[in-house]
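Listing of query-v8.txt; format and content: compact mmCIF, C-alpha atoms.
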# COMPACT_ATOMS: atom_id res chain seq x y z
CA MET A 1 125.02 -130.16 108.06
CA THR A 2 124.87 -133.63 109.58
CA ARG A 3 121.99 -134.52 111.84
CA ILE A 4 124.16 -134.12 114.92
CA GLU A 5 125.45 -130.75 113.77
CA ARG A 6 121.89 -129.65 113.08
CA ARG A 7 120.84 -130.71 116.50
CA ALA A 8 123.76 -128.90 118.09
CA ALA A 9 122.92 -125.78 116.10
CA SER A 10 119.30 -125.80 117.14
CA ALA A 11 120.28 -126.43 120.74
CA ALA A 12 122.57 -123.42 120.55
CA LEU A 13 119.74 -121.33 119.08
CA LEU A 14 117.45 -122.44 121.87
CA ALA A 15 120.06 -121.51 124.44
CA ILE A 16 120.32 -118.03 122.92
CA ALA A 17 116.54 -117.69 122.81
CA SER A 18 116.17 -118.64 126.45
CA ALA A 19 119.11 -116.45 127.48
CA VAL A 20 117.33 -113.36 126.10
CA PRO A 21 115.17 -112.20 129.00
CA LEU A 22 111.51 -111.54 128.21
CA TRP A 23 111.81 -108.20 129.98
CA ALA A 24 114.71 -105.82 130.55
CA ALA A 25 116.93 -106.15 133.62
CA ASP A 26 115.75 -102.86 135.11
CA ALA A 27 112.06 -103.72 134.60
CA VAL A 28 109.56 -105.10 137.06
CA ALA A 29 108.46 -108.52 135.74
CA PRO A 30 104.78 -108.62 134.69
CA THR A 31 104.02 -111.15 137.41
CA ASP A 32 105.68 -108.96 140.08
CA VAL A 33 103.76 -105.75 139.40
CA SER A 34 101.88 -104.57 142.45
CA TYR A 35 98.54 -102.94 141.75
CA THR A 36 96.73 -100.64 144.15
CA GLU A 37 93.23 -101.54 145.23
CA LEU A 38 91.85 -99.36 142.44
CA GLY A 39 94.08 -100.94 139.79
CA GLY A 40 96.80 -98.30 139.65
CA ILE A 41 100.59 -98.86 139.72
CA ALA A 42 102.39 -96.34 141.95
CA GLU A 43 106.00 -96.96 140.87
CA PRO A 44 107.33 -96.79 137.29
CA LEU A 45 107.92 -100.21 135.72
CA SER A 46 111.44 -99.31 134.55
CA ASP A 47 114.26 -96.98 135.66
CA THR A 48 114.34 -95.04 132.39
CA PRO A 49 111.93 -92.11 132.28
CA GLY A 50 109.16 -92.39 129.67
CA ASP A 51 109.81 -91.05 126.17
CA ILE A 52 106.83 -89.01 124.97
CA GLU A 53 107.70 -89.33 121.27
CA ASN A 54 108.00 -93.10 121.40
CA GLY A 55 104.76 -93.24 123.37
CA LYS A 56 103.11 -91.25 120.62
CA ALA A 57 104.44 -93.67 118.00
CA LEU A 58 103.13 -96.65 119.95
CA MET A 59 99.64 -95.13 120.04
CA ASN A 60 99.56 -95.56 116.28
CA LYS A 61 101.49 -98.64 115.31
CA GLY A 62 103.21 -101.77 116.43
CA SER A 63 102.15 -103.53 119.57
CA GLY A 64 100.16 -100.62 120.99
CA ASN A 65 97.81 -99.56 118.20
CA CYS A 66 95.74 -97.77 120.83
CA ILE A 67 93.94 -95.57 118.32
CA ALA A 68 92.40 -98.74 116.88
CA CYS A 69 89.94 -98.26 119.74
CA HIS A 70 90.50 -94.67 120.98
CA GLN A 71 90.12 -91.28 119.37
CA VAL A 72 92.88 -88.77 120.29
CA SER A 73 92.66 -85.19 118.96
CA ALA A 74 96.41 -84.64 119.51
CA LEU A 75 96.99 -87.38 116.90
CA SER A 76 94.45 -86.09 114.39
CA GLU A 77 97.04 -86.22 111.58
CA LEU A 78 96.80 -90.03 111.77
CA PRO A 79 93.90 -91.73 109.95
CA PHE A 80 91.28 -94.05 111.40
CA HIS A 81 90.73 -93.52 115.10
CA GLY A 82 88.44 -96.13 116.59
CA GLU A 83 85.29 -95.82 118.68
CA VAL A 84 85.45 -98.95 120.81
CA GLY A 85 86.95 -97.14 123.81
CA PRO A 86 86.39 -93.58 125.07
CA PRO A 87 88.29 -90.65 123.49
CA LEU A 88 91.52 -90.06 125.40
CA ASP A 89 91.40 -86.27 125.21
CA GLY A 90 91.88 -84.85 128.72
CA VAL A 91 92.71 -88.28 130.16
CA ALA A 92 95.42 -86.80 132.42
CA GLU A 93 92.75 -84.58 133.96
CA ARG A 94 90.56 -87.56 134.77
CA TRP A 95 93.21 -89.93 136.15
CA ASP A 96 96.53 -89.59 137.95
CA GLU A 97 99.74 -91.09 136.61
CA ALA A 98 99.58 -94.22 138.77
CA GLN A 99 96.07 -95.02 137.58
CA ILE A 100 96.99 -94.42 133.93
CA ARG A 101 99.98 -96.76 134.32
CA GLY A 102 97.68 -99.40 135.76
CA ILE A 103 95.16 -98.97 132.94
CA VAL A 104 97.81 -99.36 130.24
CA ALA A 105 99.47 -102.34 131.98
CA ASN A 106 96.25 -104.20 132.77
CA ALA A 107 93.01 -102.26 132.35
CA LYS A 108 91.04 -105.18 133.77
CA LYS A 109 92.27 -104.20 137.26
CA THR A 110 90.59 -100.79 136.88
CA PHE A 111 87.62 -101.81 134.72
CA PRO A 112 86.74 -105.44 135.51
CA GLY A 113 85.76 -107.34 132.36
CA THR A 114 86.74 -104.52 129.99
CA ILE A 115 87.35 -105.26 126.32
CA MET A 116 90.66 -103.35 126.53
CA PRO A 117 93.55 -105.83 126.28
CA ALA A 118 96.07 -106.16 129.14
CA PHE A 119 99.37 -105.00 127.67
CA TYR A 120 101.80 -105.85 130.48
CA HIS A 121 100.56 -109.27 131.37
CA THR A 122 101.50 -112.85 130.56
CA GLY A 123 98.28 -114.78 131.00
CA PRO A 124 96.96 -117.31 131.62
CA TYR A 125 95.24 -117.02 128.23
CA VAL A 126 92.83 -119.26 126.31
CA ARG A 127 94.66 -120.63 123.23
CA PRO A 128 97.53 -118.13 123.23
CA GLY A 129 98.89 -117.59 119.74
CA ASP A 130 102.27 -116.78 118.25
CA ALA A 131 101.59 -113.08 117.47
CA TYR A 132 99.16 -112.87 114.52
CA THR A 133 100.16 -116.10 112.77
CA GLY A 134 97.21 -118.15 114.04
CA GLU A 135 99.72 -120.75 115.27
CA ALA A 136 100.05 -121.78 118.92
CA ALA A 137 102.50 -119.81 121.02
CA THR A 138 105.58 -121.73 122.06
CA GLY A 139 107.67 -121.22 125.15
CA ASP A 140 107.18 -118.49 127.72
CA LEU A 141 104.98 -115.61 126.67
CA ALA A 142 106.30 -112.07 126.59
CA PRO A 143 103.85 -109.28 127.44
CA ILE A 144 102.44 -107.40 124.42
CA LEU A 145 104.31 -104.25 125.45
CA SER A 146 107.62 -103.96 127.27
CA ALA A 147 107.89 -102.16 130.62
CA GLN A 148 109.58 -99.27 128.82
CA ASP A 149 106.79 -99.12 126.21
CA VAL A 150 104.28 -98.79 129.04
CA GLU A 151 106.31 -95.95 130.59
CA ASP A 152 106.58 -94.23 127.19
CA LEU A 153 102.81 -94.47 126.70
CA VAL A 154 102.16 -93.15 130.21
CA ALA A 155 104.46 -90.20 129.48
CA PHE A 156 102.51 -89.43 126.30
CA LEU A 157 99.09 -89.84 127.95
CA MET A 158 100.16 -87.46 130.74
CA THR A 159 100.44 -84.75 128.05
CA LEU A 160 96.71 -85.13 127.26
CA ASP A 161 95.64 -82.72 129.96
CA THR A 162 93.23 -80.51 128.07
CA TYR A 163 89.94 -80.97 126.25
CA PRO A 164 90.26 -79.58 122.71
CA GLU A 165 87.35 -77.44 121.47
CA MET B 1 89.31 -98.33 93.17
CA SER B 2 86.68 -96.81 95.34
CA ARG B 3 86.44 -99.41 98.07
CA SER B 4 87.79 -97.15 100.77
CA PHE B 5 85.47 -94.28 99.94
CA TRP B 6 83.53 -94.51 103.14
CA LEU B 7 86.55 -94.77 105.37
CA GLY B 8 88.59 -92.34 103.32
CA GLY B 9 85.76 -89.87 103.55
CA CYS B 10 85.69 -90.27 107.30
CA ALA B 11 89.43 -89.80 107.62
CA ALA B 12 89.40 -86.68 105.51
CA SER B 13 86.78 -85.11 107.71
CA ALA B 14 88.63 -86.11 110.89
CA LEU B 15 85.89 -88.54 111.97
CA ILE B 16 83.92 -86.11 114.00
CA ILE B 17 81.60 -84.66 111.42
CA CYS B 18 81.25 -87.95 109.62
CA GLY B 19 78.74 -90.06 111.51
CA PRO B 20 75.90 -91.89 109.75
CA ALA B 21 73.56 -89.40 111.45
CA MET B 22 74.86 -86.71 109.09
CA LEU B 23 73.66 -88.55 106.01
CA THR B 24 70.24 -88.49 104.42
CA ALA B 25 68.27 -91.74 104.37
CA GLN B 26 69.24 -92.39 100.77
CA GLU B 27 72.97 -92.13 101.44
CA ASP B 28 72.99 -93.80 104.83
CA PRO B 29 74.07 -97.40 104.18
CA ALA B 30 71.96 -98.63 107.09
CA GLU B 31 68.80 -97.11 105.62
CA ARG B 32 69.10 -98.49 102.10
CA SER B 33 67.30 -101.64 101.05
CA LEU B 34 68.64 -104.55 99.08
CA VAL B 35 66.85 -105.85 96.01
CA ILE B 36 69.00 -108.02 93.75
CA ASN B 37 68.54 -107.81 89.96
CA GLY B 38 65.49 -105.67 90.64
CA GLU B 39 63.59 -108.75 91.80
CA ILE B 40 65.00 -110.68 94.76
CA GLU B 41 64.06 -108.84 97.94
CA ILE B 42 66.52 -109.36 100.76
CA VAL B 43 65.66 -108.86 104.42
CA THR B 44 68.74 -107.11 105.82
CA GLU B 45 67.25 -106.12 109.16
CA ALA B 46 64.87 -108.09 111.38
CA ASP B 47 63.76 -108.59 114.96
CA ALA B 48 66.27 -110.73 116.81
CA PRO B 49 65.26 -114.38 117.27
CA ALA B 50 63.92 -115.21 120.75
CA HIS B 51 67.07 -117.06 121.85
CA LEU B 52 69.21 -113.94 121.42
CA GLU B 53 69.45 -112.23 124.79
CA ASN B 54 71.59 -109.21 124.06
CA LEU B 55 70.31 -107.85 120.75
CA SER B 56 66.86 -106.63 119.76
CA THR B 57 67.54 -106.14 116.05
CA ILE B 58 69.70 -108.23 113.75
CA ARG B 59 71.37 -106.69 110.70
CA SER B 60 73.13 -108.19 107.73
CA GLY B 61 76.76 -107.20 107.14
CA TRP B 62 75.48 -105.50 103.97
CA THR B 63 73.96 -102.67 106.05
CA PHE B 64 77.44 -101.77 107.37
CA ARG B 65 79.20 -101.50 104.03
CA SER B 66 79.80 -98.39 101.92
CA PRO B 67 77.16 -97.45 99.35
CA GLU B 68 79.58 -98.46 96.54
CA THR B 69 80.17 -101.91 97.99
CA GLN B 70 76.45 -102.28 98.64
CA THR B 71 75.60 -101.42 95.06
CA MET B 72 77.94 -104.09 93.66
CA GLN B 73 75.68 -106.68 95.23
CA MET B 74 72.48 -105.34 93.70
CA ASP B 75 73.10 -106.73 90.24
CA ASP B 76 74.72 -110.06 89.37
CA PHE B 77 76.61 -108.41 86.52
CA ASP B 78 78.36 -106.17 89.03
CA ASN B 79 78.90 -108.86 91.64
CA PRO B 80 82.37 -110.40 91.14
CA ALA B 81 81.18 -113.56 92.94
CA THR B 82 79.04 -114.43 89.91
CA LEU B 83 82.14 -115.90 88.25
CA GLY B 84 82.49 -118.45 91.03
CA VAL B 85 78.80 -119.28 90.81
CA GLU B 86 79.13 -119.88 87.05
CA ALA B 87 82.19 -122.09 87.59
CA ALA B 88 80.20 -124.16 90.10
CA ARG B 89 77.29 -124.42 87.69
CA ALA B 90 79.64 -126.03 85.17
CA LYS B 91 81.04 -128.36 87.85
CA PHE B 92 77.52 -129.33 88.88
CA SER B 93 77.01 -131.37 85.74
CA SER B 94 80.59 -132.45 85.12
CA ASP B 95 82.04 -135.86 85.93
CA LEU B 96 83.26 -136.16 89.51
CA GLY B 97 85.67 -138.90 88.47
CA ASN B 98 83.55 -142.05 88.04
CA GLY B 99 80.86 -140.94 85.66
CA GLU B 100 78.68 -139.44 88.36
CA SER B 101 77.96 -135.74 88.82
CA CYS B 102 75.77 -133.64 91.10
CA ALA B 103 73.32 -133.62 88.20
CA SER B 104 72.97 -137.41 88.41
CA CYS B 105 70.92 -136.89 91.57
CA HIS B 106 69.76 -133.26 91.35
CA GLU B 107 68.58 -132.25 87.92
CA ALA B 108 69.59 -128.59 88.27
CA PRO B 109 71.05 -126.41 91.02
CA GLU B 110 67.71 -124.61 91.24
CA GLU B 111 66.17 -127.85 92.51
CA LEU B 112 68.15 -127.21 95.69
CA ALA B 113 66.60 -123.76 96.28
CA GLY B 114 65.95 -123.15 99.97
CA VAL B 115 68.37 -125.78 101.19
CA ARG B 116 71.06 -123.31 102.24
CA ALA B 117 68.69 -121.53 104.62
CA VAL B 118 68.53 -124.43 107.09
CA TYR B 119 72.26 -125.22 107.24
CA PRO B 120 74.13 -126.12 109.38
CA LYS B 121 71.71 -128.88 110.33
CA PHE B 122 71.70 -132.19 112.14
CA ASP B 123 72.12 -135.16 109.81
CA GLU B 124 70.49 -138.36 111.06
CA SER B 125 72.68 -140.80 109.20
CA ALA B 126 75.93 -139.02 110.03
CA GLY B 127 74.74 -138.48 113.61
CA GLU B 128 76.19 -134.96 113.70
CA VAL B 129 75.55 -131.37 112.70
CA GLN B 130 76.69 -130.76 109.13
CA THR B 131 77.56 -127.59 107.30
CA ILE B 132 76.61 -127.27 103.64
CA GLU B 133 80.23 -128.04 102.76
CA MET B 134 80.10 -131.30 104.75
CA GLN B 135 76.86 -132.22 102.99
CA ILE B 136 78.42 -131.48 99.59
CA ASN B 137 81.37 -133.69 100.47
CA GLU B 138 79.03 -136.44 101.67
CA CYS B 139 77.36 -136.38 98.24
CA ILE B 140 80.73 -136.45 96.50
CA THR B 141 82.16 -139.34 98.50
CA ASP B 142 79.21 -141.50 99.60
CA ARG B 143 76.87 -141.02 96.67
CA ALA B 144 79.23 -140.42 93.76
CA GLY B 145 82.10 -142.46 95.21
CA ALA B 146 84.58 -139.74 94.32
CA GLU B 147 87.39 -137.93 96.17
CA ALA B 148 86.30 -135.36 98.78
CA TRP B 149 87.00 -131.70 98.02
CA ASP B 150 89.18 -129.57 100.24
CA TYR B 151 86.94 -127.80 102.76
CA ASP B 152 88.32 -124.34 102.12
CA LYS B 153 89.47 -124.46 98.50
CA THR B 154 88.03 -122.98 95.31
CA ASP B 155 85.81 -125.87 94.09
CA MET B 156 84.09 -126.16 97.45
CA ILE B 157 83.71 -122.42 98.03
CA ASN B 158 82.27 -122.00 94.53
CA MET B 159 79.78 -124.83 95.03
CA SER B 160 78.79 -123.39 98.38
CA ALA B 161 78.30 -120.02 96.61
CA LEU B 162 76.00 -121.71 94.08
CA MET B 163 73.98 -123.24 96.93
CA SER B 164 73.56 -119.77 98.48
CA PHE B 165 72.81 -118.24 95.10
CA VAL B 166 69.81 -120.48 94.43
CA SER B 167 68.49 -119.82 97.97
CA ARG B 168 68.78 -116.05 97.93
CA GLY B 169 65.85 -114.34 99.56
CA GLU B 170 64.86 -117.39 101.65
CA ALA B 171 64.72 -116.68 105.40
CA VAL B 172 67.58 -118.18 107.38
CA ASN B 173 66.00 -120.74 109.68
CA VAL B 174 68.47 -123.11 111.33
CA ALA B 175 67.21 -125.47 114.03
CA ILE B 176 68.85 -125.11 117.42
CA ASP B 177 66.85 -127.62 119.42
CA GLY B 178 66.50 -131.41 119.46
CA PRO B 179 69.61 -133.23 118.29
CA ALA B 180 71.31 -129.94 117.32
CA ALA B 181 71.04 -128.47 120.83
CA GLU B 182 74.31 -129.81 122.18
CA THR B 183 76.34 -128.51 119.22
CA TRP B 184 74.55 -125.18 119.43
CA GLU B 185 75.48 -124.84 123.12
CA ARG B 186 79.11 -125.61 122.28
CA GLY B 187 79.02 -122.94 119.56
CA LYS B 188 77.55 -120.42 121.96
CA GLU B 189 80.29 -121.14 124.47
CA ILE B 190 82.93 -120.53 121.79
CA TYR B 191 81.21 -117.29 120.75
CA TYR B 192 81.56 -115.87 124.25
CA THR B 193 85.09 -117.18 125.00
CA ARG B 194 87.80 -114.51 125.14
CA TYR B 195 90.64 -115.98 123.10
CA GLY B 196 94.28 -115.11 122.66
CA LEU B 197 96.63 -112.53 124.11
CA LEU B 198 94.11 -109.80 123.34
CA GLU B 199 91.42 -111.75 125.23
CA LEU B 200 88.64 -110.92 122.80
CA SER B 201 85.48 -112.90 122.11
CA CYS B 202 83.29 -112.74 119.02
CA ALA B 203 80.76 -110.94 121.22
CA ASN B 204 83.26 -108.24 122.25
CA CYS B 205 83.47 -107.04 118.66
CA HIS B 206 80.22 -108.13 117.00
CA GLU B 207 77.70 -107.86 119.84
CA ASP B 208 79.09 -105.14 122.14
CA ASN B 209 80.65 -102.98 119.44
CA TYR B 210 78.86 -103.43 116.13
CA ASP B 211 78.45 -100.11 114.33
CA ASN B 212 81.63 -98.81 116.00
CA MET B 213 84.85 -98.26 114.10
CA ILE B 214 87.82 -100.41 115.12
CA ARG B 215 90.69 -98.64 113.41
CA ALA B 216 89.61 -98.56 109.71
CA ASP B 217 86.92 -101.24 110.05
CA HIS B 218 83.24 -100.56 110.58
CA LEU B 219 82.24 -103.45 112.83
CA SER B 220 79.18 -105.43 111.76
CA GLN B 221 77.25 -108.00 113.76
CA GLY B 222 79.40 -110.74 112.18
CA GLN B 223 76.40 -112.47 110.56
CA VAL B 224 76.97 -115.35 108.15
CA ASN B 225 73.89 -114.98 105.91
CA GLY B 226 76.02 -113.40 103.15
CA PHE B 227 78.52 -116.26 102.83
CA PRO B 228 80.51 -117.14 100.93
CA THR B 229 81.47 -113.48 100.58
CA TYR B 230 83.49 -111.92 97.80
CA ARG B 231 85.94 -109.64 99.61
CA LEU B 232 87.41 -106.68 97.78
CA LYS B 233 90.36 -106.90 100.14
CA ASN B 234 91.58 -110.29 98.87
CA ALA B 235 89.61 -110.33 95.60
CA LYS B 236 88.15 -113.80 96.05
CA LEU B 237 85.29 -115.74 97.55
CA ASN B 238 85.76 -116.45 101.25
CA SER B 239 84.18 -119.26 103.24
CA VAL B 240 82.50 -118.84 106.62
CA HIS B 241 85.24 -120.83 108.31
CA GLY B 242 87.94 -118.86 106.50
CA ARG B 243 86.47 -115.70 108.02
CA PHE B 244 86.21 -117.26 111.49
CA LYS B 245 89.82 -118.38 111.22
CA GLY B 246 90.95 -114.82 110.50
CA CYS B 247 88.90 -113.30 113.30
CA VAL B 248 90.27 -115.73 115.91
CA ARG B 249 93.83 -115.25 114.60
CA ASP B 250 93.41 -111.49 115.02
CA THR B 251 92.95 -111.93 118.77
CA MET B 252 96.55 -113.23 118.87
CA ALA B 253 95.22 -116.73 119.46
CA GLU B 254 95.91 -120.19 118.14
CA THR B 255 93.03 -120.36 115.68
CA PHE B 256 90.86 -123.36 114.68
CA SER B 257 90.85 -125.03 111.24
CA PRO B 258 88.15 -124.78 108.59
CA GLY B 259 85.91 -127.82 108.96
CA SER B 260 86.92 -128.42 112.59
CA PRO B 261 84.17 -129.46 115.05
CA GLU B 262 84.68 -126.13 116.85
CA PHE B 263 83.96 -124.08 113.73
CA VAL B 264 81.02 -126.29 112.75
CA ALA B 265 79.48 -125.64 116.18
CA LEU B 266 80.32 -121.93 115.97
CA GLU B 267 78.76 -121.68 112.51
CA LEU B 268 75.54 -123.26 113.74
CA TYR B 269 75.39 -120.80 116.62
CA VAL B 270 76.27 -117.73 114.53
CA ALA B 271 73.83 -118.78 111.78
CA SER B 272 71.09 -119.04 114.41
CA ARG B 273 71.79 -115.45 115.45
CA GLY B 274 70.73 -114.57 111.91
CA ASN B 275 67.46 -116.52 111.86
CA GLY B 276 65.05 -114.16 110.10
CA LEU B 277 67.55 -112.47 107.78
CA SER B 278 67.59 -113.60 104.14
CA VAL B 279 70.17 -115.85 102.59
CA GLU B 280 72.17 -113.25 100.73
CA GLY B 281 75.30 -115.04 99.53
CA PRO B 282 77.40 -114.70 97.61
CA ALA B 283 77.64 -111.21 99.09
CA VAL B 284 80.19 -108.46 98.45
CA ARG B 285 82.19 -107.13 101.39
CA ASN B 286 85.35 -105.10 101.83
In structure tokens, what does this structure look like?
Amino acid sequence: MTRIERRAASAALLAIASAVPLWAADAVAPTDVSYTELGGIAEPLSDTPGDIENGKALMNKGSGNCIACHQVSALSELPFHGEVGPPLDGVAERWDEAQIRGIVANAKKTFPGTIMPAFYHTGPYVRPGDAYTGEAATGDLAPILSAQDVEDLVAFLMTLDTYPE
Amino acid sequence: MSRSFWLGGCAASALIICGPAMLTAQEDPAERSLVINGEIEIVTEADAPAHLENLSTIRSGWTFRSPETQTMQMDDFDNPATLGVEAARAKFSSDLGNGESCASCHEAPEELAGVRAVYPKFDESAGEVQTIEMQINECITDRAGAEAWDYDKTDMINMSALMSFVSRGEAVNVAIDGPAAETWERGKEIYYTRYGLLELSCANCHEDNYDNMIRADHLSQGQVNGFPTYRLKNAKLNSVHGRFKGCVRDTMAETFSPGSPEFVALELYVASRGNGLSVEGPAVRN
């Protein structure tokens, strides 16, 4: 490739990158979410109903990794549940759906100063990184979870309505 | 390899019946005591220094490791870091490039016993706080007139391990006042800053949550008295700044570089949180 071709190619790549929206068309943008006074979110963040199975998968791996900090008896087949946050058994008894959605999207609205990360949020952050590379983030930041991920997690958490023995 | 015994054991018993409280004093890692080679007594738990507001007791990372990992550090024949120490011992008296060696100024490494315990420290001539690595490089360049070593590469980490090795058992005692005060304050500010997309500070994990599990990791107080540490996970000696770099990266942040002014300040502050523990490096960790 000549220099000009290379430049054209990278410009094209950039155009593609910026054409891909950071959140789906049917999703409420992270900056447009309206929280209740207590930190809940009354309306779903996307039009597609939450998928319990995908929510369950997100508890374990990928961008959620919620059991890094929380113990969940319903997921006892998975190893290594953390102790940094409270166990989530019976969480749907303690909170309503709107409040759970708010906690998953940005727990700091419900628990000011909490260690729990805000998953549907775009900053401002101190020294935001490019995922786990240690390098600086470039361009606009996407939230850690998508709107649909949040809905899927809420759907799963709403199934945790009992306290196991 | 038995390094995941402790965690594996917890997973198998579904976490609930596997708290340290269930163990007898002899098995409970936090209740064991560390004597190296049957002779060097290590203080692994002490009253927190007066400047520490949020902790009453300080504990070495050793007290959080599995009994197997702990035991590897109790005899130099079992400690894989000994190889690095031996390599540094050879380097100590070998030509740095112009006929000079460390041994031209310091007869033997043992002559430097105790030095590690007060680092990082303010250096009058340099006019700044120096880590032991910076001091080593000052000797190499200014005194021996040779090429500086890479801050976070094998030669330097090994030499830093040798400096810890000859100081083992000495009480960590870094100065935080006088000319070091400004750097210490900067380090403290970094310690409590919530970095990255996860918005986590050092304190969130190592002050608010030590002794808790975060996924498969048993969180320690993040003390630096055991550095450089031989980690079973990457099977090599790791520098203090290498560890800091990884911890900041894991908050989904743009991390700092080994040897950067930020990490020098942070090391001074974190070291001061361990004033009263023994120099323990090179330690074994998972």
Sorted per-residue table, chain A near chain B, closest atoms and distance, 7 Å, all atoms listed in the file, as a tab-separated table:
residue	atom	partner	partner_atom	distance
A:Ile67	CA	B:Arg215	CA	6.6
A:Ala68	CA	B:Arg215	CA	3.9
A:Cys69	CA	B:Ile214	CA	5.5
A:Ser76	CA	B:Ala14	CA	6.8
A:Pro79	CA	B:Ala11	CA	5.4
A:Phe80	CA	B:Arg215	CA	5.0
A:His81	CA	B:Arg215	CA	5.4
A:Gly82	CA	B:Ile214	CA	4.6
A:Glu83	CA	B:Met213	CA	5.2
A:Val84	CA	B:Asn212	CA	6.1
A:Ile115	CA	B:Asn204	CA	6.5
A:Pro117	CA	B:Leu198	CA	5.0
A:Tyr125	CA	B:Gly196	CA	6.0
A:Val126	CA	B:Tyr195	CA	5.1
A:Arg127	CA	B:Glu254	CA	5.3
A:Pro128	CA	B:Gly196	CA	4.5
A:Gly129	CA	B:Ala253	CA	3.8
A:Asp130	CA	B:Met252	CA	6.8
A:Ala131	CA	B:Met252	CA	5.2
A:Tyr132	CA	B:Met252	CA	5.1
A:Thr133	CA	B:Arg249	CA	6.6
A:Gly134	CA	B:Arg249	CA	4.5
A:Glu135	CA	B:Glu254	CA	4.8
A:Ala136	CA	B:Glu254	CA	4.5
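Residue nearest Ala98 (chain A), chosen from A:Asp51, A:Glu77, A:Asp140, A:Glu37 and counting only C-alpha atoms: A:Glu37.
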As lines of an AutoDock Vina configuration file, please: the centre and edge lengths in Å, to one decimal, of an axis-aligned box enclosing every listed atom of region 26-34 of chain B with 5 Å added on each side.
center_x = 70.7
center_y = -98.3
center_z = 103.1
size_x = 16.8
size_y = 22.4
size_z = 18.0
Option closest in space to Leu157 (chain A), from A:Leu45, A:Leu78, A:Cys66, A:Ala92 [counting all atoms listed in the file]: A:Ala92
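Nearest-residue note for Asn275 (chain B): choosing from B:Cys139, B:Ile190, B:Asp75, B:Val224, the minimum distance belongs to B:Val224, counting only C-alpha atoms.
When CA of Thr131 (chain B) is paired with CA of Ala113 (chain B), their separation reads 16.0 Å.
Minimum atom-to-atom distances from A:Pro86, A:Val150, A:Leu160, A:Tyr120 to Ala29 (chain A) were compared using only C-alpha atoms, and the lowest value belongs to A:Tyr120.
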For CA of Ser160 (chain B) and CA of Ala50 (chain B), the interatomic separation in Å (one decimal): 28.1 Å
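CA of Pro228 (chain B) sits 22.0 Å away from CA of Ala103 (chain B).
When only C-alpha atoms are used to measure the gap to Arg59 (chain B), the shortest distance among B:Ser125, B:Gln223, B:Ser239, B:Asn137 belongs to B:Gln223.
Nearest residue to Val154 (chain A) among A:Ala118, A:Ala137, A:Leu75, A:Ile52 is A:Ile52, counting only C-alpha atoms.
All protein, DNA and RNA residues at most 10 Å from (79.6, -115.3, 89.8) are B:Asp76, B:Phe77, B:Asp78, B:Asn79, B:Pro80, B:Ala81, B:Thr82, B:Leu83, B:Gly84, B:Val85, B:Glu86, B:Ala87, B:Ala88, B:Arg89, B:Asn158, B:Ala161, B:Leu162, B:Phe165, B:Tyr230, B:Leu237, B:Pro282, using all atoms listed in the file.
Excluding Met163 (chain B) itself and same-chain residues fewer than 5 positions from it, the residues having an atom within 8 Å of it are Pro109, Leu112, Ala113, Val115 and Arg116 of chain B, counting all atoms listed in the file.
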Within-12 Å shell of (99.9, -97.2, 146.2) in input frame, only C-alpha atoms, as a VMD selection string: chain A and resid 33 to 44 96 to 99 101 to 102
12 Å contact set for Gln130 (chain B), all atoms listed in the file, chain neighbours under 3 positions out, as a short mmCIF file (atom, residue, chain, number, x, y, z; two decimals) with C-alpha atoms, in the coordinates of the input:
data_model
loop_
_atom_site.label_atom_id
_atom_site.label_comp_id
_atom_site.auth_asym_id
_atom_site.auth_seq_id
_atom_site.Cartn_x
_atom_site.Cartn_y
_atom_site.Cartn_z
CA ARG B 116 71.06 -123.31 102.24
CA VAL B 118 68.53 -124.43 107.09
CA TYR B 119 72.26 -125.22 107.24
CA PRO B 120 74.13 -126.12 109.38
CA LYS B 121 71.71 -128.88 110.33
CA PHE B 122 71.70 -132.19 112.14
CA ASP B 123 72.12 -135.16 109.81
CA GLU B 124 70.49 -138.36 111.06
CA SER B 125 72.68 -140.80 109.20
CA ALA B 126 75.93 -139.02 110.03
CA GLY B 127 74.74 -138.48 113.61
CA GLU B 133 80.23 -128.04 102.76
CA MET B 134 80.10 -131.30 104.75
CA GLN B 135 76.86 -132.22 102.99
CA ILE B 136 78.42 -131.48 99.59
CA ASN B 137 81.37 -133.69 100.47
CA GLU B 138 79.03 -136.44 101.67
CA VAL B 174 68.47 -123.11 111.33
CA ALA B 175 67.21 -125.47 114.03
CA PRO B 179 69.61 -133.23 118.29
CA ALA B 180 71.31 -129.94 117.32
CA THR B 183 76.34 -128.51 119.22
CA TRP B 184 74.55 -125.18 119.43
CA GLY B 259 85.91 -127.82 108.96
CA SER B 260 86.92 -128.42 112.59
CA PRO B 261 84.17 -129.46 115.05
CA PHE B 263 83.96 -124.08 113.73
CA VAL B 264 81.02 -126.29 112.75
CA ALA B 265 79.48 -125.64 116.18
CA LEU B 266 80.32 -121.93 115.97
CA GLU B 267 78.76 -121.68 112.51
CA LEU B 268 75.54 -123.26 113.74
#
Distance query Asn54 (chain A) at most 12 Å, only C-alpha atoms, self and fewer than 2 positions along chain excluded, as a PyMOL selection string: chain A and resi 49-52+56-62+64+148-157
